[in-house]
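Since the structure comes first, as structure tokens, the remarks are kept for the end.
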Amino acid sequence: MPTAEDLKAEVRELKTAIEDAVAIAGPIAILDKEPAAPREPHPISAQIKEDSILHTFDTLARVEKYVAETVLIPLDETRINPVFGVGSANADLMVVGEAPGADEDQQGEPFVGRAGQLLNKILAAIDFSRDEVYIANILKSRPPKNRNPLPDEVESHIPILYKQIELVNPRMILCVGKVAANALLGNKDSLGSMRGKLHDLFGTPVVVTYHPAALLRNPNWKKSTWEDVQYLRDRFNELTTS
């Protein structure tokens, strides 16, 4: 478990990375939040099989209950807790990760360990709080030893994420990590080739960046991550004020 000094060091590192990036790119523009126009229903529901029970659910709570009670893959039997999602059901921004880790499996909530603490700081740096975004993973159950999700696991669980996206109906999505981005966008591209641009997910803009856990292992990537989320914030401002 990280000590208080470890966490203070992380804050200092992130602050330095942000200051360095701002010196290069200039300060980020944070616009006053105004009531946004109503959103159209999300077309991603068409990606869920027609006969899926997911189509009968009209709230996140009902989907979460289904996830807790249903075994779709072997991981659903070995998990301690299902890790469904957390945050605002009407969030303008949704964060999508790969799969739960040990801390998440214990607590039943995504991004609660050191990587989650770093994600909270990254979001705060672009004027989003954890409570006002919605956070979910591709998989709702932890893979053993934090291995990458298998193709059949993704195929079985990603319709649940599609349903979450349909119900939350975010204006933008921040996808963290190559595995999550490949699964969500349906490609095999490298992380580097996916960064720095907008991707379209059935009408919803998606920005891809490094997973916070990767930043803990490679602090040199924090500056690039700041550039990515600054890009997201700028595009978000354009989207919500146009």
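Here's how to read the names in the structure tokens: chain A, B, ... by the order shown, residue numbers from 1 in each chain, ligand numbers from 1 in the order shown.
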Item to complete: Can you list, as a list in words, all residues belonging to region 106-148 of chain A that DSSP tags as strand (DSSP E or B)?
Response: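 Answer for region 106-148 of chain A, restricted to strand (DSSP E or B): Tyr134, Ile135, Ala136 and Asn137 of chain A.
Compared by their closest atoms to Arg79 (chain A), and using only C-alpha atoms, the residues A:Ala99, A:Val229, A:Val208, A:Val176 rank with A:Ala99 nearest.
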Worksheet entry | Best match for closeness to Phe202 (chain A) among A:Ser224, A:Ser129, A:Ser190, A:Met172, counting only C-alpha atoms |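 Ranked by minimum distance to Phe202 (chain A), first place goes to A:Met172.
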Worksheet entry | Contacts of Pro159 (chain A) within 12 Å, only C-alpha atoms, excl. fewer than 5 positions in-chain, as a VMD selection string | chain A and resid 44 to 50 52 to 55 63 67 72 137 to 140 153 to 154 164 to 166 183 to 184
Discussion item. Given only C-alpha atoms as the basis, pick out the residue of A:Leu201, A:Leu232, A:Leu174, A:Ile73 nearest to Asp152 (chain A).
Written reply: A:Ile73
Discussion item. Let me make sure I understand: among A:Gly113, A:Gly186, A:Gly97, A:Pro170, which one has the smallest atom-to-atom distance to Phe84 (chain A) if we use only C-alpha atoms?
Written reply: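 Closest candidate: A:Gly97.
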Worksheet item: Which of these, A:Ala102, A:Ala115, A:Leu93, A:Pro110, has the shortest distance to Arg217 (chain A) once you count only C-alpha atoms?
Response: A:Ala115
Worksheet item: Looking at only C-alpha atoms, which of A:Glu109, A:Asp92, A:Asp51, A:Glu104 is the one that sits closest to Phe128 (chain A)?
Response: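 Closest to Phe128 (chain A), using only C-alpha atoms: A:Asp92.
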Worksheet item: What does the distance between CA of Asn169 (chain A) and CA of Ala136 (chain A) come to in Å, to one decimal place?
Response: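 Atom-to-atom, CA of Asn169 (chain A) to CA of Ala136 (chain A), that is 13.2 Å.
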Worksheet item: Which value, in Å to one decimal, gives the distance between CA of Ala214 (chain A) and CA of Asp228 (chain A)?
Response: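 So the answer is 14.6 Å.
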Worksheet entry | Two-atom distance - CA of Arg114 (chain A), CA of Tyr210 (chain A) (Å) |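 Result for CA of Arg114 (chain A) versus CA of Tyr210 (chain A): 14.7 Å, one decimal.
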Discussion item. Please list as a PyMOL selection string every residue within 6 Å of Ile173 (chain A), counting only C-alpha atoms and excluding residues in the same chain fewer than 2 positions away.
Written reply: chain A and resi 93-95+206
Store the residues picked out above, limited to C-alpha atoms, as a PDB file, in the first residue's frame.
ATOM      1  CA  LEU A  93     -17.893  12.544 -20.133  1.00  0.00           C
ATOM      2  CA  MET A  94     -17.453   8.798 -19.806  1.00  0.00           C
ATOM      3  CA  VAL A  95     -14.132   7.118 -18.982  1.00  0.00           C
ATOM      4  CA  VAL A 206     -13.611   9.294 -28.373  1.00  0.00           C
TER       5      VAL A 206
END
